[in-house]
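What follows is a set of notes on a single structure, which appears directly below.
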Amino acid sequence: MTTVAPHRSESVLVRRPGPEELHPVRAHRRRRALELSLAAAVPLALLLLWQLAATQAWIDDRVYPAPSAILADGWDRAAAGDLWPDVWATLRRVLAGYAIGTAAGYALGLLMGSSPLIRAALEPLLDALYVVPKLALLPIFLNMFGLGEGPQVALVAATVFFFVWISTMSAVIAIPSGHRDAGRVFGASPWQMFRHVLLPASLPSVLVGARIAAGVAVLVIVASEQIAATNGLGHLIFDSRALFQNDVMFVGIVCVAALGVLFSELVRLAGRLLTPWAPRDRGRGQS
């Protein structure tokens with residue numbers, strides 16, 4: 001006896017490619033243009049609202065000057081040459097402290113990540129120092145270096161050091177042991193092990209820590225200049241507030257914001273150039 005299986009109808013799901021799959025470059029450009037438009041529209045809308053509130057007397061323009069007044073005052077100070085000495089003083093301190101802190105943090109992080117004994121000896125002490133607010137160290141640096149550039153640079157260096165140290169040590173520890181074993185099998189010297197194994201494997205994470213440290217360095221130097229400096233953007237902000245020159249105060253705040261963004265983006269760009277193999281940051285429009 002022969003049985004025939006009943007015929008069953010089967011549904012086939014057909015998926016048609018979308019615009020991003022048919023024209024990926026065009027879709028990426030369109031998405032990037034939308035993201036840039038939104039990124040510009042939000043602060044512009046806030047500035048327009050601020051301008052309207054100041055001109056319509058919804059807020060006291062003596063305390064919160066209109067953006068147009070802040071822009072005009074900043075332009076006048078820049079044209080007269082009164083703004084650039086403070087900008088240069090802050091930038092000089094940030095760059096010097098950042099370079100020292102990055103070099104020291106990377107060297108020690110590499111050493112501690114590679115040696116469990118050194119890590120066991122130093123990590124508890126550094127962990128304890130890490131949680132100390134860095135501004136609390138300013139009196140110590142004043143006693144060590146006196147008044148002048150030394151305390152400011154040392155404070156930035158100490159701040160940057162911990163961010164770079166933690167990211168470097170964690171990145172070196174996370175390198176798979178097989179990578180090191182492969183280097184030893186091929187007879188790599190200590191320099192070759194660093195150059196071809198440790199450096200490329202750890203550098204992306206190190207640069208993330210360095211980029212975070214760039215923004216924090218600007219915050220720290222501004223706070224430090226408000227306490228123990230006679231020039232710089234932090235001193236400009238604090239001094240103008242004491243003299244009730246709120247338009248000048250906001251000019252300093254805008255300069256600090258621009259300096260922080262520029263510095264962070266320069267570190268990001270350096271990271272892309274140094275680590276072309278690493279994945280790019282999410283949420284920035286990359287495909």
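By order in the structure tokens, chains are A, B, ...; within a chain, residues start at 1; ligands start at 1, following the order shown.
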
* Leaving out A:Val248 and any residue of its chain fewer than 3 positions from it, which residues lie within 8 Å of it when counting only C-alpha atoms, given as a list in words? -> Ile70, Asp73, Gly74, Leu236, Ile237, Ser240, Gln245, Val251 and Gly252 of chain A

Note to self: So that I can see what lies close to stretch 120-135 of chain A, please list as JSON, numbers by chain the residues with an atom at most 10 Å from it, counting only C-alpha atoms and leaving out residues fewer than 5 positions away in the same chain.
What the structure shows: {"A": [108, 112, 115, 140, 141, 155, 156, 158, 159, 161, 162, 163, 165, 166, 220, 221, 223, 224, 227]}

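What separates atom CA of A:Ser189 from atom CA of A:Ala107 is a distance of 18.1 Å.
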
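Atom CA of A:Leu203 is found 13.8 Å from atom CA of A:Leu269.
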
From the list A:Arg268, A:Arg195, A:Arg93, A:Arg32, the nearest residue to A:Val153 using only C-alpha atoms is A:Arg93

Report task. Tell me which protein, DNA and RNA residues are within 12 Å of A:Leu199, counting only C-alpha atoms, leaving out same-chain ones fewer than 6 positions away, and put them as JSON, numbers by chain. Result -> {"A": [106, 107, 109, 110, 114, 168, 169, 171, 172, 175, 179, 180, 190, 191, 192, 193, 205, 206, 207, 274, 275]}

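Nearest to A:Ala157 of all the residues A:Gln56, A:Thr102, A:Asn231, A:Gln51 is A:Thr102, based on only C-alpha atoms.
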
Tell me, as a list of chain:residue names, which residues lie within 9 Å of A:Ala89, counting only C-alpha atoms; anything in the same chain fewer than 3 positions away does not count.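 Once the nearby chain positions are removed, what remains is A:Trp84, A:Pro85, A:Asp86, A:Arg92, A:Arg93, A:Val94, A:Asn231, A:Gly232, A:Leu233.
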
As a check of understanding: the span from atom CA of A:Ile59 to atom CA of A:Met249 is 17.1 Å

(request) Identify which of the residues A:Ala69, A:Val185, A:Val164, A:Ala136 lies closest to A:Ser202, counting only C-alpha atoms when measuring atom-to-atom distances. (result)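 The closest residue to A:Ser202 is A:Val164.
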
Nearest to A:Ala54: which of A:Pro67, A:Gly146, A:Gly113, A:Gly81 is it, counting only C-alpha atoms?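 Looking only at the distances to A:Ala54, the closest residue turns out to be A:Pro67.
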